[in-house]
file protein15.csv (CSV, C-alpha atoms)
chain,number,residue,atom,x,y,z
A,1076,MET,CA,-99.0,66.5,-23.7
A,1077,LYS,CA,-96.3,65.6,-26.2
A,1078,LYS,CA,-94.3,68.7,-25.2
A,1079,LEU,CA,-94.5,67.6,-21.5
A,1080,LEU,CA,-93.4,64.1,-22.4
A,1081,SER,CA,-90.5,65.4,-24.4
A,1082,ALA,CA,-89.5,67.7,-21.6
A,1083,ALA,CA,-89.6,64.9,-19.1
A,1084,LEU,CA,-87.5,62.6,-21.3
A,1085,ALA,CA,-85.0,65.3,-21.8
A,1086,ALA,CA,-84.7,65.8,-18.1
A,1087,VAL,CA,-84.2,62.1,-17.5
A,1088,LEU,CA,-81.6,62.0,-20.2
A,1089,THR,CA,-79.8,65.0,-18.7
A,1090,LEU,CA,-79.7,63.5,-15.2
A,1091,SER,CA,-78.5,60.2,-16.6
A,1092,LEU,CA,-75.6,61.8,-18.5
A,1093,ALA,CA,-74.7,63.9,-15.4
A,1094,ALA,CA,-74.6,60.7,-13.3
A,1095,CYS,CA,-72.4,59.0,-15.8
A,1096,SER,CA,-70.0,61.9,-16.0
A,1097,ASN,CA,-69.7,62.0,-12.2
A,1098,ALA,CA,-69.1,58.2,-12.0
A,1099,PRO,CA,-65.5,57.3,-11.0
A,1100,GLU,CA,-63.4,56.1,-13.8
A,1101,THR,CA,-62.0,52.6,-13.7
A,1102,LYS,CA,-58.4,52.7,-12.4
A,1103,GLU,CA,-55.7,51.8,-15.0
A,1104,TYR,CA,-53.1,49.6,-13.5
A,1105,THR,CA,-49.6,49.2,-14.8
A,1106,THR,CA,-48.0,45.8,-15.3
A,1107,GLU,CA,-45.9,46.3,-12.2
A,1108,GLU,CA,-49.0,47.2,-10.1
A,1109,LEU,CA,-50.9,44.2,-11.4
A,1110,SER,CA,-47.9,42.0,-10.6
A,1111,GLN,CA,-47.9,43.3,-7.0
A,1112,ILE,CA,-51.7,42.8,-6.7
A,1113,LEU,CA,-51.4,39.2,-7.8
A,1114,SER,CA,-48.3,38.4,-5.7
A,1115,SER,CA,-49.9,39.9,-2.6
A,1116,ALA,CA,-53.2,38.1,-3.1
A,1117,ILE,CA,-51.4,34.8,-3.4
A,1118,SER,CA,-48.9,35.3,-0.6
A,1119,GLU,CA,-51.5,36.6,1.9
A,1120,ASN,CA,-54.0,33.9,1.3
A,1121,SER,CA,-51.8,30.7,0.8
A,1122,ASP,CA,-48.8,29.0,2.3
A,1123,GLY,CA,-46.7,29.1,-0.8
A,1124,MET,CA,-45.2,31.9,-3.0
A,1125,ALA,CA,-46.1,31.6,-6.7
A,1126,GLU,CA,-43.7,32.8,-9.3
A,1127,VAL,CA,-45.3,35.7,-11.0
A,1128,ILE,CA,-44.2,36.7,-14.5
A,1129,THR,CA,-45.0,39.4,-17.0
A,1130,THR,CA,-44.5,40.1,-20.6
A,1131,ASP,CA,-41.2,41.7,-19.6
A,1132,SER,CA,-40.1,38.3,-18.2
A,1133,LEU,CA,-40.1,36.9,-21.7
A,1134,ASN,CA,-37.1,39.2,-22.6
A,1135,ALA,CA,-35.2,38.6,-19.4
A,1136,ALA,CA,-32.2,36.9,-21.1
A,1137,ILE,CA,-32.1,39.5,-23.9
A,1138,ASP,CA,-32.3,42.4,-21.4
A,1139,TRP,CA,-29.5,40.9,-19.3
A,1140,LEU,CA,-27.2,40.6,-22.3
A,1141,THR,CA,-27.8,44.1,-23.5
A,1142,THR,CA,-27.5,45.6,-20.0
A,1143,ASN,CA,-24.5,43.6,-18.8
A,1144,LYS,CA,-22.6,42.6,-21.9
A,1145,GLY,CA,-23.1,45.6,-24.1
A,1146,MET,CA,-24.8,43.7,-26.9
A,1147,SER,CA,-27.3,45.2,-29.3
A,1148,GLU,CA,-30.7,43.6,-29.4
A,1149,ASP,CA,-29.9,41.9,-32.6
A,1150,GLU,CA,-26.6,40.6,-31.2
A,1151,ALA,CA,-28.4,39.3,-28.1
A,1152,ASN,CA,-30.9,37.5,-30.2
A,1153,THR,CA,-28.2,35.9,-32.3
A,1154,PHE,CA,-26.3,34.9,-29.1
A,1155,MET,CA,-29.5,33.3,-27.7
A,1156,GLU,CA,-30.0,31.3,-30.9
A,1157,GLU,CA,-26.5,29.9,-30.6
A,1158,TYR,CA,-26.8,29.4,-26.8
A,1159,ASN,CA,-30.1,27.4,-27.2
A,1160,ALA,CA,-28.4,25.1,-29.8
A,1161,LEU,CA,-25.5,24.2,-27.4
A,1162,PRO,CA,-25.3,20.7,-25.9
A,1163,TYR,CA,-25.9,20.9,-22.2
A,1164,GLU,CA,-22.4,19.8,-21.3
A,1165,ASP,CA,-20.9,22.6,-23.4
A,1166,ILE,CA,-22.8,25.5,-22.0
A,1167,ASP,CA,-20.6,26.6,-19.1
A,1168,ALA,CA,-17.4,26.2,-21.1
A,1169,THR,CA,-18.7,28.1,-24.1
A,1170,LEU,CA,-19.8,31.0,-21.8
A,1171,THR,CA,-16.4,31.1,-20.2
A,1172,GLU,CA,-14.8,31.2,-23.6
A,1173,LYS,CA,-16.9,34.2,-24.5
A,1174,GLY,CA,-15.6,36.1,-21.5
A,1175,PHE,CA,-18.3,35.4,-18.9
A,1176,THR,CA,-17.1,35.3,-15.3
A,1177,ALA,CA,-18.6,32.6,-12.9
A,1178,GLU,CA,-20.9,35.3,-11.4
A,1179,GLU,CA,-22.0,36.4,-14.8
A,1180,ILE,CA,-22.7,32.8,-15.9
A,1181,ALA,CA,-24.9,32.3,-12.8
A,1182,ALA,CA,-26.8,35.6,-13.3
A,1183,PHE,CA,-27.3,35.1,-17.1
A,1184,GLN,CA,-28.6,31.5,-16.6
A,1185,GLN,CA,-31.0,32.8,-13.9
A,1186,ALA,CA,-32.3,35.4,-16.4
A,1187,GLU,CA,-32.5,32.7,-19.1
A,1188,GLY,CA,-34.4,30.4,-16.8
A,1189,THR,CA,-36.9,33.2,-16.1
A,1190,ALA,CA,-37.5,33.8,-19.8
A,1191,ARG,CA,-37.9,30.1,-20.4
A,1192,SER,CA,-40.4,29.6,-17.6
A,1193,SER,CA,-42.3,32.7,-18.7
A,1194,GLN,CA,-42.6,31.3,-22.3
A,1195,MET,CA,-43.9,28.0,-20.9
A,1196,ILE,CA,-46.6,29.8,-18.9
A,1197,PHE,CA,-47.7,31.8,-22.0
A,1198,GLU,CA,-47.7,28.8,-24.2
A,1199,THR,CA,-49.7,26.8,-21.6
A,1200,LEU,CA,-52.3,29.5,-21.5
A,1201,GLY,CA,-52.3,29.9,-25.2
A,1202,LEU,CA,-51.5,33.6,-25.0
A,1203,SER,CA,-48.9,35.8,-26.6
A,1204,ALA,CA,-47.4,39.1,-25.4
A,1205,GLU,CA,-49.4,40.9,-28.1
A,1206,ASP,CA,-52.6,39.8,-26.4
A,1207,ILE,CA,-51.8,41.7,-23.3
A,1208,GLU,CA,-51.6,45.5,-22.6
A,1209,ALA,CA,-50.6,44.9,-19.0
A,1210,GLY,CA,-50.7,41.9,-16.7
A,1211,ALA,CA,-49.2,39.3,-14.5
A,1212,LEU,CA,-49.3,35.6,-14.9
A,1213,SER,CA,-48.5,32.5,-12.9
A,1214,TYR,CA,-49.4,28.8,-13.3
A,1215,GLY,CA,-53.1,28.7,-12.6
A,1216,MET,CA,-53.3,32.5,-11.9
A,1217,ALA,CA,-53.7,35.5,-14.2
A,1218,LEU,CA,-54.5,39.2,-13.8
A,1219,ILE,CA,-54.6,40.7,-17.3
A,1220,LYS,CA,-55.6,43.9,-19.0
A,1221,PRO,CA,-56.2,42.7,-22.5
A,1222,ALA,CA,-54.8,44.6,-25.5
A,1223,GLU,CA,-57.4,46.5,-27.5
A,1224,GLY,CA,-59.6,44.0,-29.3
A,1225,LYS,CA,-58.2,41.0,-27.4
A,1226,GLU,CA,-60.7,40.9,-24.6
A,1227,GLU,CA,-62.4,37.7,-25.8
A,1228,THR,CA,-59.1,36.1,-26.8
A,1229,VAL,CA,-57.7,36.5,-23.3
A,1230,LEU,CA,-60.9,35.4,-21.5
A,1231,SER,CA,-61.4,32.4,-23.8
A,1232,ALA,CA,-57.8,31.3,-23.3
A,1233,CYS,CA,-58.1,31.4,-19.5
A,1234,GLN,CA,-61.5,29.6,-19.6
A,1235,ASN,CA,-60.1,26.9,-22.0
A,1236,PHE,CA,-57.1,26.4,-19.6
A,1237,VAL,CA,-59.4,25.9,-16.7
A,1238,GLU,CA,-61.7,23.5,-18.6
A,1239,LEU,CA,-58.6,21.5,-19.7
A,1240,GLN,CA,-57.4,21.1,-16.2
A,1241,GLN,CA,-60.8,20.0,-15.0
A,1242,LYS,CA,-60.9,17.3,-17.7
A,1243,SER,CA,-57.4,16.2,-16.9
A,1244,PHE,CA,-58.1,15.6,-13.2
A,1245,GLU,CA,-61.7,14.5,-13.5
A,1246,THR,CA,-61.1,10.7,-13.3
A,1247,TYR,CA,-58.1,10.8,-11.0
A,1248,LEU,CA,-56.4,13.0,-8.4
A,1249,GLN,CA,-59.7,14.1,-6.9
A,1250,ASP,CA,-58.0,16.7,-4.7
A,1251,GLN,CA,-56.7,18.5,-7.8
A,1252,TYR,CA,-60.0,18.1,-9.6
A,1253,ALA,CA,-61.7,19.8,-6.7
A,1254,ILE,CA,-59.2,22.7,-7.0
A,1255,ALA,CA,-59.8,23.0,-10.8
A,1256,LYS,CA,-63.5,22.7,-10.3
A,1257,ASN,CA,-63.5,25.7,-7.9
A,1258,ALA,CA,-61.4,27.9,-10.3
A,1259,LYS,CA,-62.6,31.4,-11.0
A,1260,CYS,CA,-62.3,33.0,-14.4
A,1261,GLU,CA,-64.1,36.4,-14.8
A,1262,THR,CA,-63.7,39.9,-16.2
A,1263,ILE,CA,-63.7,42.6,-13.5
A,1264,ASN,CA,-63.7,46.2,-14.6
A,1265,GLY,CA,-61.9,45.3,-17.9
A,1266,TYR,CA,-59.4,43.0,-16.3
A,1267,VAL,CA,-59.4,39.2,-16.8
A,1268,VAL,CA,-58.9,37.4,-13.5
A,1269,MET,CA,-58.2,33.7,-13.4
A,1270,VAL,CA,-57.6,32.0,-10.1
A,1271,MET,CA,-57.0,28.2,-9.8
A,1272,GLY,CA,-55.3,26.9,-6.7
A,1273,GLU,CA,-55.7,26.3,-3.0
A,1274,ASN,CA,-57.7,29.0,-1.3
A,1275,SER,CA,-58.9,30.3,-4.6
A,1276,ASP,CA,-61.9,32.0,-3.1
A,1277,ALA,CA,-59.8,34.1,-0.8
A,1278,ILE,CA,-57.3,35.0,-3.5
A,1279,TYR,CA,-60.0,35.9,-6.0
A,1280,GLN,CA,-61.8,38.0,-3.4
A,1281,SER,CA,-58.6,39.9,-2.6
A,1282,ILE,CA,-58.0,40.7,-6.3
A,1283,SER,CA,-61.7,41.6,-6.8
A,1284,ASP,CA,-61.7,43.9,-3.8
A,1285,THR,CA,-58.7,45.8,-5.2
A,1286,LEU,CA,-60.1,46.1,-8.7
A,1287,ASN,CA,-63.5,47.3,-7.4
A,1288,ALA,CA,-62.0,49.8,-5.0
A,1289,LYS,CA,-63.1,53.4,-5.8

call {"tool": "encode", "arguments": {"input": "protein15.csv", "output": "structure tokens"}}
result
Amino acid sequence: MKKLLSAALAAVLTLSLAACSNAPETKEYTTEELSQILSSAISENSDGMAEVITTDSLNAAIDWLTTNKGMSEDEANTFMEEYNALPYEDIDATLTEKGFTAEEIAAFQQAEGTARSSQMIFETLGLSAEDIEAGALSYGMALIKPAEGKEETVLSACQNFVELQQKSFETYLQDQYAIAKNAKCETINGYVVMVMGENSDAIYQSISDTLNAK
């Protein structure tokens, strides 16, 4: 009898392992792909277009300087320190003195604005670039593959953000409170998904369908 039970258990284990080995692997998305998934879900299920940023967006100004002005990364960082210390009224004149054309001033300031907006979103969520392996963020929205060992950090940061928004609107702006109350913050196939905004159910479903696609 013991031999029969052992044989049966071995057979079950073998079948289970075979089923696991044949199961489809979770798809690994790049930051660019996650950005497109989030952008599409928002644009297809709401009236507005949300600004989607990534960890790359944090370096937008540095990258612009190294690409367009031939600076090394250290030189670009030093330049940004000096730039950020300038009084507002001196910015354009200082850039002109450093050889920036009008077109370059506009392009650089756009990149700098992107970097600044990205930093604000990261700080608002309580996340850093080191927490994220790949991902896309917007205000109230996130689609993130956490870095190794950062799964709980990323999920907690998103949950805390949602809870803070709920408390902020609880006693006033009831329409915003309803939006915050209906927010979604879950982990799907290893990706943290946070959706807080109008039509959040449809946006969340769109992202979920993509992440669950075989």

call {"tool": "closest_atom_pairs", "arguments": {"input": "protein15.csv", "of": "region 1164-1264 of chain A", "to": "region 1101-1114 of chain A", "cutoff": "8 Å", "atoms": "all atoms listed in the file", "output": "JSON lines"}}
result
{"residue": "A:Ala1209", "atom": "CA", "partner": "A:Thr1106", "partner_atom": "CA", "distance": 4.6}
{"residue": "A:Gly1210", "atom": "CA", "partner": "A:Thr1106", "partner_atom": "CA", "distance": 4.9}
{"residue": "A:Ala1211", "atom": "CA", "partner": "A:Ser1110", "partner_atom": "CA", "distance": 4.9}
{"residue": "A:Leu1212", "atom": "CA", "partner": "A:Ser1110", "partner_atom": "CA", "distance": 7.8}
{"residue": "A:Ala1217", "atom": "CA", "partner": "A:Leu1113", "partner_atom": "CA", "distance": 7.7}
{"residue": "A:Leu1218", "atom": "CA", "partner": "A:Leu1109", "partner_atom": "CA", "distance": 6.6}
{"residue": "A:Ile1219", "atom": "CA", "partner": "A:Leu1109", "partner_atom": "CA", "distance": 7.8}
{"residue": "A:Asn1264", "atom": "CA", "partner": "A:Thr1101", "partner_atom": "CA", "distance": 6.7}

call {"tool": "atom_distance", "arguments": {"input": "protein15.csv", "atom1": "CA of Met1271 (chain A)", "atom2": "CA of Thr1199 (chain A)"}}
result
13.9 Å

call {"tool": "atom_distance", "arguments": {"input": "protein15.csv", "atom1": "CA of Glu1238 (chain A)", "atom2": "CA of Ala1258 (chain A)"}}
result
9.4 Å

call {"tool": "atom_distance", "arguments": {"input": "protein15.csv", "atom1": "CA of Val1237 (chain A)", "atom2": "CA of Ala1255 (chain A)"}}
result
6.6 Å

call {"tool": "residues_around", "arguments": {"input": "protein15.csv", "residues": "Ile1166 (chain A)", "least_positions_apart": "6", "cutoff": "12 Å", "atoms": "all atoms listed in the file", "output": "count of residues only"}}
result
12

call {"tool": "closest_residue", "arguments": {"input": "protein15.csv", "among": "A:Glu1126, A:Ser1115, A:Glu1179, A:Tyr1266", "to": "Ala1222 (chain A)", "atoms": "all atoms listed in the file"}}
result
A:Tyr1266
